[in-house]
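Input: a single structure, listed below in C-alpha cells.
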Amino acid sequence: MTVTVRVPAKVNVQLAVGAARPDGFHDLANVFLAVGLYDEITATPAEELRITCEGPDADQVPLDHSNLAARAAIELARRYGRTPDVHIHIAKDIPVAGGMAGGSADGAGALLACDALWGTGATREELLEICAELGSDVPFSLVGGAALGTGRGEKLTALEVGGTFYWVFALADGGLSTPAVFREFDRLTEGTEVPEPVASPELLDALAKGDVHALAASLVNDLQPAALSLRPSLADTLDAGTAAGALGALVSGSGPTTAFLCESAEAAEKVAEALRASGTCRAARVAQGAAVGATVV
C-alpha cells in the first residue's frame, strides 16, 4: 500500500512582524493564501525511515532526519507507539528555500500520508498540534485556503476568499535563510518602536470580496526591507514585474521569491513572460489561489 498527498505552496499577502520575543521568535500577523504550485509526498512501508526527493533543486533538499517530512513521521510514530518505518518520497514543484513554505508543505504532507498509511486515527486537532511543533508555517500547509496566522504564525483563523487571485512567482538564484532575514529585520529596526502586528482590515475585506485591486493596494511584508538589504537585486525583479503590468508586488515571506498579483490569467502570463525576458530572475511561475490544503490523492 502507498499513500500520496498533494500539498500547496503559500504566499503571504500580509506579513506584519512584531519585535523579537524573549524566546527569539517574533509575534506575527501573517495572512496566508495557498496557491496552486504543489509538492506530492508518497509514503510506502519500509524496513526503516528513508527520504528521497526528485524535481527542481531536489539536490538542495536534506534527506536526513532534519527534513520536516522525516520529523513529521518520527513524531506521529512516537505518539502512537510505533516505529517510523516508512519510505517518504518527495516530488518537488514548490521552489526550494524560496519563501513559499515548500519544506513546511512536505512536513504537512508526510504527516497526512503517514497518518493514512498507518491508520492512526489522529484527530485534525492532533495533526495541527504536531504541525505547530514542526514549524510556524506547517499548520497552514495542512489546512490551505486562506488563514490569519498569529503567535509565531502557527495559530490559525480561517479567512473567507471571495474570488480567484492570479499570481506570478519569480524565482531567484539561491535561497535566503529565514533566520538571517529575521536577524536583519532586528538590525534594521533596532532602537525603533516596533508596533504590535495586526491584520489589515482593508486586506481582509479585499480577500473576502475577491477584490484584486484592493488586495493589490494592501499587500505588505514587514520582512521585505530585510530581504532587500540582504539581496538588493530583488528590487530589480519587483520593478520588472510592476513595469510589466502587475497590480501589486512583494517579496514572498522571507524571500527570495517575489510575488506579483495580476488582474487575470492572461495578465499573469504576460507578466511571467516579461519577467523571464528581464534577466532579473531564473524562472517565473504562474499560479492561482486560494488552493485547498494537504489532500490525499
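By convention here, the chains of the C-alpha cells are called A, B, ... in the order presented, each chain's residues are numbered starting at 1, and ligands are numbered starting at 1 in the order presented.
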
Contacts of region 223-238 of chain A within 8 Å, only C-alpha atoms, excl. fewer than 6 positions in-chain, as a PyMOL selection string: chain A and resi 15+17+170+172+176+181-182+184-185+188+249-251+253-256+258+275+280-281

Just to be explicit: take each residue in the selection above, keep N, CA and C atoms, and write the result as a PDB file, in the first residue's frame.
ATOM      1  N   LEU A  15       2.407  40.201   5.905  1.00  0.00           N
ATOM      2  CA  LEU A  15       3.279  39.656   6.944  1.00  0.00           C
ATOM      3  C   LEU A  15       3.680  40.821   7.832  1.00  0.00           C
ATOM      4  N   VAL A  17       5.219  41.968  11.358  1.00  0.00           N
ATOM      5  CA  VAL A  17       6.202  41.355  12.261  1.00  0.00           C
ATOM      6  C   VAL A  17       6.402  42.255  13.475  1.00  0.00           C
ATOM      7  N   ALA A 170       8.389  34.913  -9.215  1.00  0.00           N
ATOM      8  CA  ALA A 170       9.705  34.993  -9.852  1.00  0.00           C
ATOM      9  C   ALA A 170      10.720  34.351  -8.921  1.00  0.00           C
ATOM     10  N   ALA A 172      14.408  33.401  -7.637  1.00  0.00           N
ATOM     11  CA  ALA A 172      15.754  33.979  -7.635  1.00  0.00           C
ATOM     12  C   ALA A 172      16.796  32.869  -7.608  1.00  0.00           C
ATOM     13  N   LEU A 176      17.357  32.256   0.567  1.00  0.00           N
ATOM     14  CA  LEU A 176      17.619  33.207   1.654  1.00  0.00           C
ATOM     15  C   LEU A 176      17.242  32.484   2.941  1.00  0.00           C
ATOM     16  N   VAL A 181      17.129  36.515   7.647  1.00  0.00           N
ATOM     17  CA  VAL A 181      16.246  37.634   7.303  1.00  0.00           C
ATOM     18  C   VAL A 181      15.648  38.249   8.573  1.00  0.00           C
ATOM     19  N   PHE A 182      15.245  37.395   9.532  1.00  0.00           N
ATOM     20  CA  PHE A 182      14.727  37.934  10.794  1.00  0.00           C
ATOM     21  C   PHE A 182      15.821  38.681  11.566  1.00  0.00           C
ATOM     22  N   GLU A 184      18.262  40.323  10.235  1.00  0.00           N
ATOM     23  CA  GLU A 184      18.416  41.596   9.542  1.00  0.00           C
ATOM     24  C   GLU A 184      17.247  42.525   9.874  1.00  0.00           C
ATOM     25  N   PHE A 185      16.035  41.984  10.009  1.00  0.00           N
ATOM     26  CA  PHE A 185      14.883  42.775  10.452  1.00  0.00           C
ATOM     27  C   PHE A 185      15.176  43.395  11.819  1.00  0.00           C
ATOM     28  N   LEU A 188      17.717  46.199  11.427  1.00  0.00           N
ATOM     29  CA  LEU A 188      17.165  47.400  10.784  1.00  0.00           C
ATOM     30  C   LEU A 188      16.193  48.151  11.697  1.00  0.00           C
ATOM     31  N   ALA A 249       3.098  43.929  -5.971  1.00  0.00           N
ATOM     32  CA  ALA A 249       4.294  43.083  -5.927  1.00  0.00           C
ATOM     33  C   ALA A 249       4.877  43.117  -4.527  1.00  0.00           C
ATOM     34  N   LEU A 250       5.429  41.979  -4.093  1.00  0.00           N
ATOM     35  CA  LEU A 250       6.113  41.936  -2.806  1.00  0.00           C
ATOM     36  C   LEU A 250       7.009  40.714  -2.752  1.00  0.00           C
ATOM     37  N   VAL A 251       7.956  40.741  -1.811  1.00  0.00           N
ATOM     38  CA  VAL A 251       8.763  39.556  -1.523  1.00  0.00           C
ATOM     39  C   VAL A 251       7.856  38.566  -0.791  1.00  0.00           C
ATOM     40  N   GLY A 253       7.126  36.019   1.872  1.00  0.00           N
ATOM     41  CA  GLY A 253       7.682  35.574   3.147  1.00  0.00           C
ATOM     42  C   GLY A 253       9.058  36.156   3.378  1.00  0.00           C
ATOM     43  N   SER A 254      10.017  35.281   3.682  1.00  0.00           N
ATOM     44  CA  SER A 254      11.393  35.736   3.901  1.00  0.00           C
ATOM     45  C   SER A 254      12.193  35.775   2.603  1.00  0.00           C
ATOM     46  N   GLY A 255      11.525  35.458   1.472  1.00  0.00           N
ATOM     47  CA  GLY A 255      12.196  35.511   0.172  1.00  0.00           C
ATOM     48  C   GLY A 255      13.035  34.268  -0.068  1.00  0.00           C
ATOM     49  N   PRO A 256      13.764  34.300  -1.206  1.00  0.00           N
ATOM     50  CA  PRO A 256      13.927  35.393  -2.155  1.00  0.00           C
ATOM     51  C   PRO A 256      12.912  35.389  -3.307  1.00  0.00           C
ATOM     52  N   THR A 258       9.810  36.443  -5.359  1.00  0.00           N
ATOM     53  CA  THR A 258       8.965  37.627  -5.378  1.00  0.00           C
ATOM     54  C   THR A 258       7.629  37.265  -6.004  1.00  0.00           C
ATOM     55  N   LEU A 275       8.963  38.902 -17.121  1.00  0.00           N
ATOM     56  CA  LEU A 275       9.951  38.612 -16.072  1.00  0.00           C
ATOM     57  C   LEU A 275      11.025  37.655 -16.592  1.00  0.00           C
ATOM     58  N   THR A 280      16.138  39.310 -14.615  1.00  0.00           N
ATOM     59  CA  THR A 280      16.209  39.594 -13.173  1.00  0.00           C
ATOM     60  C   THR A 280      15.835  38.391 -12.312  1.00  0.00           C
ATOM     61  N   CYS A 281      15.482  37.249 -12.952  1.00  0.00           N
ATOM     62  CA  CYS A 281      15.118  36.056 -12.186  1.00  0.00           C
ATOM     63  C   CYS A 281      15.481  34.829 -13.024  1.00  0.00           C
TER      64      CYS A 281
END

All residues 6 Å or closer to Val5 (chain A), only C-alpha atoms, same chain fewer than 3 positions away omitted, as a PyMOL selection string: chain A and resi 40-41+109+113+295-297

So that I have them on file, write out the residues from the current selection with all heavy atoms, as a compact mmCIF listing (two decimals), in the first residue's frame.
# COMPACT_ATOMS: atom_id res chain seq x y z
N GLU A 40 4.21 16.67 -4.10
CA GLU A 40 3.49 15.42 -3.81
C GLU A 40 4.36 14.53 -2.94
O GLU A 40 5.53 14.30 -3.25
CB GLU A 40 3.11 14.71 -5.12
CG GLU A 40 2.00 15.42 -5.86
CD GLU A 40 1.27 14.54 -6.86
OE1 GLU A 40 1.79 13.45 -7.20
OE2 GLU A 40 0.17 14.93 -7.28
N ILE A 41 3.78 14.06 -1.85
CA ILE A 41 4.50 13.26 -0.85
C ILE A 41 3.91 11.86 -0.87
O ILE A 41 2.70 11.70 -0.66
CB ILE A 41 4.34 13.86 0.57
CG1 ILE A 41 4.49 15.38 0.57
CG2 ILE A 41 5.31 13.18 1.54
CD1 ILE A 41 5.79 15.90 0.06
N GLY A 109 2.48 17.26 4.42
CA GLY A 109 2.11 16.17 3.51
C GLY A 109 2.53 14.83 4.05
O GLY A 109 1.77 13.84 3.99
N ALA A 113 0.14 11.73 5.04
CA ALA A 113 0.37 10.46 4.34
C ALA A 113 0.63 9.33 5.32
O ALA A 113 0.08 8.23 5.18
CB ALA A 113 1.53 10.60 3.37
N THR A 295 -4.02 17.15 0.72
CA THR A 295 -5.12 16.26 0.33
C THR A 295 -4.57 14.92 -0.14
O THR A 295 -3.62 14.88 -0.93
CB THR A 295 -5.91 16.89 -0.85
OG1 THR A 295 -6.30 18.22 -0.50
CG2 THR A 295 -7.13 16.08 -1.19
N VAL A 296 -5.15 13.84 0.35
CA VAL A 296 -4.79 12.51 -0.16
C VAL A 296 -5.33 12.37 -1.58
O VAL A 296 -6.50 12.65 -1.83
CB VAL A 296 -5.36 11.41 0.75
CG1 VAL A 296 -5.06 10.03 0.16
CG2 VAL A 296 -4.79 11.50 2.15
N VAL A 297 -4.45 11.98 -2.51
CA VAL A 297 -4.88 11.88 -3.92
C VAL A 297 -4.98 10.42 -4.37
O VAL A 297 -4.46 9.53 -3.74
CB VAL A 297 -3.92 12.65 -4.87
CG1 VAL A 297 -4.02 14.14 -4.58
CG2 VAL A 297 -2.49 12.16 -4.75

All residues 8 Å or closer to Ala274 (chain A), only C-alpha atoms, same chain fewer than 6 positions away omitted, as a PyMOL selection string: chain A and resi 240-241+244

Let's have the selection written as a short mmCIF file (atom, residue, chain, number, x, y, z; two decimals), in the first residue's frame, with N, CA and C atoms.
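Saved as part12.cif:
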data_model
loop_
_atom_site.label_atom_id
_atom_site.label_comp_id
_atom_site.auth_asym_id
_atom_site.auth_seq_id
_atom_site.Cartn_x
_atom_site.Cartn_y
_atom_site.Cartn_z
N ALA A 240 10.64 45.06 -12.42
CA ALA A 240 10.35 44.47 -13.73
C ALA A 240 8.92 43.94 -13.80
N GLY A 241 8.49 43.29 -12.74
CA GLY A 241 7.12 42.75 -12.73
C GLY A 241 6.07 43.84 -12.68
N ALA A 244 5.72 45.47 -15.99
CA ALA A 244 5.04 44.59 -16.96
C ALA A 244 3.53 44.54 -16.75
#

Who sits within 6 Å of Gly293 (chain A), only C-alpha atoms, same chain under 3 positions skipped, as JSON, numbers by chain: {"A": [7, 141, 142, 143, 144]}

Best match for closeness to Gly107 (chain A) among A:Gly81, A:Gly119, A:Gly289, A:Pro139, counting only C-alpha atoms: A:Pro139

Shell around Pro195 (chain A) at 12 Å using only C-alpha atoms, local window under 6 positions removed, as a list in words: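 Result of the neighbour search: Ala16, Val17, Gly18, Ala19, Ala20, His26, Asp27, Leu28, Ala29, Thr189 and Asp222 of chain A.
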
Can you write out the residues you just picked, keeping all heavy atoms, as a short mmCIF file (atom, residue, chain, number, x, y, z; two decimals), in the first residue's frame?
data_model
loop_
_atom_site.label_atom_id
_atom_site.label_comp_id
_atom_site.auth_asym_id
_atom_site.auth_seq_id
_atom_site.Cartn_x
_atom_site.Cartn_y
_atom_site.Cartn_z
N ALA A 16 2.95 40.98 8.94
CA ALA A 16 3.26 42.01 9.93
C ALA A 16 4.08 41.36 11.03
O ALA A 16 3.71 40.30 11.56
CB ALA A 16 1.98 42.61 10.50
N VAL A 17 5.22 41.97 11.36
CA VAL A 17 6.20 41.35 12.26
C VAL A 17 6.40 42.25 13.47
O VAL A 17 6.69 43.45 13.34
CB VAL A 17 7.56 41.15 11.55
CG1 VAL A 17 8.57 40.48 12.48
CG2 VAL A 17 7.37 40.32 10.28
N GLY A 18 6.24 41.67 14.67
CA GLY A 18 6.49 42.41 15.90
C GLY A 18 7.94 42.32 16.31
O GLY A 18 8.77 41.70 15.64
N ALA A 19 8.27 42.93 17.44
CA ALA A 19 9.64 42.91 17.97
C ALA A 19 10.00 41.49 18.41
O ALA A 19 9.12 40.65 18.67
CB ALA A 19 9.76 43.87 19.14
N ALA A 20 11.29 41.21 18.49
CA ALA A 20 11.75 39.89 18.93
C ALA A 20 11.27 39.61 20.35
O ALA A 20 11.31 40.48 21.22
CB ALA A 20 13.26 39.82 18.86
N HIS A 26 9.27 35.97 16.81
CA HIS A 26 8.58 37.25 16.69
C HIS A 26 7.08 36.98 16.60
O HIS A 26 6.66 36.02 15.93
CB HIS A 26 8.99 37.99 15.41
CG HIS A 26 10.43 38.38 15.37
ND1 HIS A 26 11.45 37.45 15.27
CD2 HIS A 26 11.03 39.61 15.39
CE1 HIS A 26 12.62 38.09 15.24
NE2 HIS A 26 12.39 39.39 15.32
N ASP A 27 6.27 37.80 17.28
CA ASP A 27 4.82 37.70 17.07
C ASP A 27 4.52 38.19 15.67
O ASP A 27 5.12 39.16 15.19
CB ASP A 27 4.07 38.55 18.10
CG ASP A 27 3.96 37.84 19.44
OD1 ASP A 27 3.73 36.62 19.45
OD2 ASP A 27 4.10 38.51 20.49
N LEU A 28 3.57 37.51 15.02
CA LEU A 28 3.24 37.83 13.63
C LEU A 28 1.73 38.02 13.47
O LEU A 28 0.94 37.46 14.22
CB LEU A 28 3.67 36.68 12.70
CG LEU A 28 5.11 36.20 12.73
CD1 LEU A 28 5.27 34.98 11.83
CD2 LEU A 28 6.07 37.31 12.30
N ALA A 29 1.37 38.81 12.46
CA ALA A 29 0.03 38.75 11.88
C ALA A 29 0.29 38.37 10.42
O ALA A 29 0.74 39.19 9.62
CB ALA A 29 -0.69 40.09 12.00
N THR A 189 15.54 47.43 12.61
CA THR A 189 14.55 48.08 13.48
C THR A 189 15.11 48.39 14.87
O THR A 189 14.37 48.88 15.73
CB THR A 189 13.29 47.19 13.64
OG1 THR A 189 13.68 45.90 14.13
CG2 THR A 189 12.57 47.03 12.31
N ASP A 222 6.53 43.06 6.17
CA ASP A 222 7.49 43.77 7.02
C ASP A 222 8.91 43.22 6.91
O ASP A 222 9.87 43.87 7.32
CB ASP A 222 7.04 43.71 8.49
CG ASP A 222 5.84 44.59 8.78
OD1 ASP A 222 5.42 45.33 7.86
OD2 ASP A 222 5.31 44.53 9.91
#

Exercise: Leu159 (chain A) partners within 12 Å, only C-alpha atoms, chain neighbours under 2 positions left out, as a list in words: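 Near neighbours after the sequence-gap exclusion: Asn30, Val31, Phe32, Leu33, Ala34, Phe140, Val143, Gly144, Gly145, Ala146, Ala147, Leu148, Gly149, Leu156, Thr157, Val161, Gly162, Ala199, Pro201, Leu203, Leu204, Asp205, Ala206, Leu207, Ala208, Lys209, Gly210 and Ala290 of chain A.
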
For the residues selected in the previous step, produce a file with C-alpha atoms as a CSV table (one decimal), in the first residue's frame.
chain,number,residue,atom,x,y,z
A,30,ASN,CA,0.5,36.5,8.9
A,31,VAL,CA,-2.2,36.4,6.2
A,32,PHE,CA,-1.6,33.2,4.2
A,33,LEU,CA,-3.0,32.3,0.8
A,34,ALA,CA,-2.5,28.8,-0.6
A,140,PHE,CA,-1.2,26.3,7.2
A,143,VAL,CA,-5.3,23.4,6.1
A,144,GLY,CA,-4.7,25.6,2.9
A,145,GLY,CA,-7.3,28.1,1.6
A,146,ALA,CA,-6.6,31.4,3.4
A,147,ALA,CA,-5.9,32.0,7.0
A,148,LEU,CA,-4.6,34.5,9.5
A,149,GLY,CA,-1.7,33.1,11.5
A,156,LEU,CA,-4.7,29.9,12.5
A,157,THR,CA,-8.1,31.5,11.9
A,161,VAL,CA,-11.9,34.3,0.0
A,162,GLY,CA,-14.5,35.7,-2.4
A,199,ALA,CA,-4.0,42.1,10.3
A,201,PRO,CA,-8.9,45.2,7.9
A,203,LEU,CA,-6.7,43.5,3.2
A,204,LEU,CA,-9.1,41.0,4.9
A,205,ASP,CA,-12.1,42.8,3.3
A,206,ALA,CA,-10.4,42.7,-0.2
A,207,LEU,CA,-9.8,38.9,0.2
A,208,ALA,CA,-13.4,38.3,1.3
A,209,LYS,CA,-14.8,40.3,-1.6
A,210,GLY,CA,-12.4,38.9,-4.2
A,290,ALA,CA,-6.8,30.1,-3.0

Select from region 94-128 of chain A every residue with an atom at most 8 Å from any atom of region 48-67 of chain A, then for each give the shortest pair of atoms and their distance in Å to one decimal, using only C-alpha atoms, rows by chain and rising number, as a Markdown table.
| residue | atom | partner | partner_atom | distance |
| --- | --- | --- | --- | --- |
| A:Pro95 | CA | A:Pro56 | CA | 7.5 |
| A:Val96 | CA | A:Asp57 | CA | 6.5 |
| A:Gly103 | CA | A:Asn67 | CA | 7.6 |
| A:Gly107 | CA | A:Asn67 | CA | 7.8 |

With N, CA, C and O atoms retained, export the selected residues as a compact mmCIF listing (two decimals), in the first residue's frame.
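Generated file (again.txt):
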# COMPACT_ATOMS: atom_id res chain seq x y z
N PRO A 95 9.14 25.89 -5.15
CA PRO A 95 10.54 26.32 -5.10
C PRO A 95 11.20 26.01 -3.75
O PRO A 95 10.57 26.16 -2.70
N VAL A 96 12.45 25.55 -3.80
CA VAL A 96 13.20 25.21 -2.59
C VAL A 96 13.81 26.49 -2.00
O VAL A 96 14.37 27.31 -2.73
N GLY A 103 9.27 23.39 2.36
CA GLY A 103 9.65 22.44 3.41
C GLY A 103 8.51 22.17 4.37
O GLY A 103 8.27 21.03 4.78
N GLY A 107 6.43 18.66 5.28
CA GLY A 107 6.15 18.16 6.63
C GLY A 107 4.68 17.84 6.81
O GLY A 107 4.32 16.77 7.31

Helix (DSSP H, G or I) residues, from DSSP on the backbone, in region 66-248 of chain A, as a VMD selection string: chain A and resid 68 to 79 102 to 118 124 to 134 138 to 143 178 to 189 201 to 209 212 to 218 224 to 230 234 to 243

Convert the current residue selection to file output with C-alpha atoms, as a PDB file, in the first residue's frame.
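Below is the file result02.pdb, written as the result:
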ATOM      1  CA  LEU A  68      10.441  18.178   8.134  1.00  0.00           C
ATOM      2  CA  ALA A  69       8.885  15.163   6.392  1.00  0.00           C
ATOM      3  CA  ALA A  70      11.123  12.845   8.420  1.00  0.00           C
ATOM      4  CA  ARG A  71      10.422  14.768  11.633  1.00  0.00           C
ATOM      5  CA  ALA A  72       6.679  14.513  10.966  1.00  0.00           C
ATOM      6  CA  ALA A  73       6.868  10.728  10.571  1.00  0.00           C
ATOM      7  CA  ILE A  74       9.022  10.360  13.701  1.00  0.00           C
ATOM      8  CA  GLU A  75       6.680  12.461  15.853  1.00  0.00           C
ATOM      9  CA  LEU A  76       3.497  10.752  14.633  1.00  0.00           C
ATOM     10  CA  ALA A  77       5.065   7.323  15.218  1.00  0.00           C
ATOM     11  CA  ARG A  78       6.224   8.344  18.709  1.00  0.00           C
ATOM     12  CA  ARG A  79       2.728   9.447  19.700  1.00  0.00           C
ATOM     13  CA  GLY A 102       7.969  24.147   0.451  1.00  0.00           C
ATOM     14  CA  GLY A 103       9.653  22.437   3.407  1.00  0.00           C
ATOM     15  CA  SER A 104       6.614  23.075   5.584  1.00  0.00           C
ATOM     16  CA  ALA A 105       4.377  21.625   2.871  1.00  0.00           C
ATOM     17  CA  ASP A 106       6.490  18.465   2.849  1.00  0.00           C
ATOM     18  CA  GLY A 107       6.148  18.164   6.632  1.00  0.00           C
ATOM     19  CA  ALA A 108       2.364  18.532   6.497  1.00  0.00           C
ATOM     20  CA  GLY A 109       2.115  16.174   3.512  1.00  0.00           C
ATOM     21  CA  ALA A 110       4.230  13.487   5.171  1.00  0.00           C
ATOM     22  CA  LEU A 111       2.185  13.763   8.366  1.00  0.00           C
ATOM     23  CA  LEU A 112      -1.095  13.255   6.498  1.00  0.00           C
ATOM     24  CA  ALA A 113       0.370  10.463   4.338  1.00  0.00           C
ATOM     25  CA  CYS A 114       1.773   8.537   7.316  1.00  0.00           C
ATOM     26  CA  ASP A 115      -1.451   9.034   9.269  1.00  0.00           C
ATOM     27  CA  ALA A 116      -3.402   7.467   6.380  1.00  0.00           C
ATOM     28  CA  LEU A 117      -0.821   4.719   5.779  1.00  0.00           C
ATOM     29  CA  TRP A 118      -0.676   3.684   9.436  1.00  0.00           C
ATOM     30  CA  ARG A 124      -7.441  17.097  12.975  1.00  0.00           C
ATOM     31  CA  GLU A 125      -6.504  18.879  16.229  1.00  0.00           C
ATOM     32  CA  GLU A 126      -3.738  16.343  16.954  1.00  0.00           C
ATOM     33  CA  LEU A 127      -2.335  16.707  13.435  1.00  0.00           C
ATOM     34  CA  LEU A 128      -2.356  20.508  13.742  1.00  0.00           C
ATOM     35  CA  GLU A 129      -0.631  20.230  17.141  1.00  0.00           C
ATOM     36  CA  ILE A 130       2.171  18.161  15.587  1.00  0.00           C
ATOM     37  CA  CYS A 131       2.359  20.638  12.677  1.00  0.00           C
ATOM     38  CA  ALA A 132       2.824  23.535  15.113  1.00  0.00           C
ATOM     39  CA  GLU A 133       5.663  21.644  16.833  1.00  0.00           C
ATOM     40  CA  LEU A 134       7.364  21.112  13.465  1.00  0.00           C
ATOM     41  CA  VAL A 138       3.386  23.807   8.767  1.00  0.00           C
ATOM     42  CA  PRO A 139      -0.187  24.084  10.154  1.00  0.00           C
ATOM     43  CA  PHE A 140      -1.237  26.298   7.244  1.00  0.00           C
ATOM     44  CA  SER A 141       0.177  23.812   4.726  1.00  0.00           C
ATOM     45  CA  LEU A 142      -2.214  21.248   6.194  1.00  0.00           C
ATOM     46  CA  VAL A 143      -5.332  23.448   6.063  1.00  0.00           C
ATOM     47  CA  THR A 178      14.709  32.741   7.181  1.00  0.00           C
ATOM     48  CA  PRO A 179      16.673  33.200  10.461  1.00  0.00           C
ATOM     49  CA  ALA A 180      19.119  35.510   8.635  1.00  0.00           C
ATOM     50  CA  VAL A 181      16.246  37.634   7.303  1.00  0.00           C
ATOM     51  CA  PHE A 182      14.727  37.934  10.794  1.00  0.00           C
ATOM     52  CA  ARG A 183      18.159  38.903  12.200  1.00  0.00           C
ATOM     53  CA  GLU A 184      18.416  41.596   9.542  1.00  0.00           C
ATOM     54  CA  PHE A 185      14.883  42.775  10.452  1.00  0.00           C
ATOM     55  CA  ASP A 186      16.043  43.072  14.089  1.00  0.00           C
ATOM     56  CA  ARG A 187      19.137  45.013  12.992  1.00  0.00           C
ATOM     57  CA  LEU A 188      17.165  47.400  10.784  1.00  0.00           C
ATOM     58  CA  THR A 189      14.551  48.081  13.483  1.00  0.00           C
ATOM     59  CA  PRO A 201      -8.936  45.238   7.868  1.00  0.00           C
ATOM     60  CA  GLU A 202      -8.723  46.545   4.275  1.00  0.00           C
ATOM     61  CA  LEU A 203      -6.740  43.499   3.172  1.00  0.00           C
ATOM     62  CA  LEU A 204      -9.098  41.026   4.876  1.00  0.00           C
ATOM     63  CA  ASP A 205     -12.067  42.802   3.284  1.00  0.00           C
ATOM     64  CA  ALA A 206     -10.415  42.664  -0.160  1.00  0.00           C
ATOM     65  CA  LEU A 207      -9.794  38.918   0.232  1.00  0.00           C
ATOM     66  CA  ALA A 208     -13.384  38.287   1.330  1.00  0.00           C
ATOM     67  CA  LYS A 209     -14.799  40.287  -1.590  1.00  0.00           C
ATOM     68  CA  VAL A 212      -7.991  42.185  -6.751  1.00  0.00           C
ATOM     69  CA  HIS A 213      -7.348  45.943  -6.944  1.00  0.00           C
ATOM     70  CA  ALA A 214      -7.998  46.479  -3.228  1.00  0.00           C
ATOM     71  CA  LEU A 215      -5.877  43.437  -2.362  1.00  0.00           C
ATOM     72  CA  ALA A 216      -3.015  44.708  -4.533  1.00  0.00           C
ATOM     73  CA  ALA A 217      -3.130  48.064  -2.755  1.00  0.00           C
ATOM     74  CA  SER A 218      -2.992  46.325   0.653  1.00  0.00           C
ATOM     75  CA  GLN A 224      10.783  42.906   2.680  1.00  0.00           C
ATOM     76  CA  PRO A 225      13.277  45.655   3.670  1.00  0.00           C
ATOM     77  CA  ALA A 226      15.441  42.994   5.369  1.00  0.00           C
ATOM     78  CA  ALA A 227      15.252  40.670   2.351  1.00  0.00           C
ATOM     79  CA  LEU A 228      16.158  43.556   0.015  1.00  0.00           C
ATOM     80  CA  SER A 229      19.024  44.553   2.310  1.00  0.00           C
ATOM     81  CA  LEU A 230      20.473  41.038   2.067  1.00  0.00           C
ATOM     82  CA  LEU A 234      15.356  41.614  -5.746  1.00  0.00           C
ATOM     83  CA  ALA A 235      14.390  45.287  -6.182  1.00  0.00           C
ATOM     84  CA  ASP A 236      15.084  44.938  -9.924  1.00  0.00           C
ATOM     85  CA  THR A 237      12.774  41.908 -10.097  1.00  0.00           C
ATOM     86  CA  LEU A 238       9.999  43.766  -8.266  1.00  0.00           C
ATOM     87  CA  ASP A 239      10.407  46.727 -10.653  1.00  0.00           C
ATOM     88  CA  ALA A 240      10.349  44.465 -13.735  1.00  0.00           C
ATOM     89  CA  GLY A 241       7.124  42.746 -12.730  1.00  0.00           C
ATOM     90  CA  THR A 242       5.412  46.009 -11.833  1.00  0.00           C
ATOM     91  CA  ALA A 243       6.520  47.610 -15.125  1.00  0.00           C
TER      92      ALA A 243
END

All strand (DSSP E or B) positions in region 52-194 of chain A, as a PyMOL selection string: chain A and resi 52-54+86-91+144+146-150+155-158+165-171

If you keep C-alpha atoms, can you produce a file of those selected residues as a PDB file, in the first residue's frame?
ATOM      1  CA  THR A  52      14.058  10.509  -1.276  1.00  0.00           C
ATOM      2  CA  CYS A  53      13.396  13.553  -3.428  1.00  0.00           C
ATOM      3  CA  GLU A  54      13.061  14.451  -7.105  1.00  0.00           C
ATOM      4  CA  VAL A  86       8.420   4.319   6.088  1.00  0.00           C
ATOM      5  CA  HIS A  87       9.865   5.454   2.774  1.00  0.00           C
ATOM      6  CA  ILE A  88       8.809   9.059   2.120  1.00  0.00           C
ATOM      7  CA  HIS A  89       9.291  10.227  -1.449  1.00  0.00           C
ATOM      8  CA  ILE A  90       9.004  13.961  -2.177  1.00  0.00           C
ATOM      9  CA  ALA A  91       8.203  15.090  -5.729  1.00  0.00           C
ATOM     10  CA  GLY A 144      -4.730  25.577   2.920  1.00  0.00           C
ATOM     11  CA  ALA A 146      -6.610  31.414   3.359  1.00  0.00           C
ATOM     12  CA  ALA A 147      -5.916  31.998   7.040  1.00  0.00           C
ATOM     13  CA  LEU A 148      -4.603  34.514   9.532  1.00  0.00           C
ATOM     14  CA  GLY A 149      -1.653  33.132  11.481  1.00  0.00           C
ATOM     15  CA  THR A 150      -0.906  34.725  14.849  1.00  0.00           C
ATOM     16  CA  LYS A 155      -2.339  29.816  15.495  1.00  0.00           C
ATOM     17  CA  LEU A 156      -4.733  29.863  12.540  1.00  0.00           C
ATOM     18  CA  THR A 157      -8.068  31.526  11.881  1.00  0.00           C
ATOM     19  CA  ALA A 158      -9.670  30.586   8.551  1.00  0.00           C
ATOM     20  CA  PHE A 165      -6.477  35.576  -7.471  1.00  0.00           C
ATOM     21  CA  TYR A 166      -3.866  35.216 -10.216  1.00  0.00           C
ATOM     22  CA  TRP A 167      -0.183  35.321  -9.295  1.00  0.00           C
ATOM     23  CA  VAL A 168       3.253  35.170 -10.846  1.00  0.00           C
ATOM     24  CA  PHE A 169       6.213  33.982  -8.757  1.00  0.00           C
ATOM     25  CA  ALA A 170       9.705  34.993  -9.852  1.00  0.00           C
ATOM     26  CA  LEU A 171      12.368  32.592  -8.604  1.00  0.00           C
TER      27      LEU A 171
END

Point-to-point distance from CA of Gly245 (chain A) to CA of Val198 (chain A), Å rounded to tenths: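 About the pair CA of Gly245 (chain A) and CA of Val198 (chain A): they are 29.2 Å apart.
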
d(CA of Ala283 (chain A), CA of Glu269 (chain A)) in Å: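 Taking CA of Ala283 (chain A) as the start and CA of Glu269 (chain A) as the end point, the length is 12.7 Å.
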
Distance criterion (only C-alpha atoms): nearest to Ala46 (chain A) out of A:Glu160, A:Glu190, A:Asp85, A:Glu154: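 The answer is A:Asp85, which sits nearest to Ala46 (chain A).
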
Selected residue of minimal separation from Gly175 (chain A) among A:Gly24, A:Gly98, A:Gly151, A:Pro84, counting only C-alpha atoms: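 Checking each candidate against Gly175 (chain A), we get A:Gly98 as the closest.
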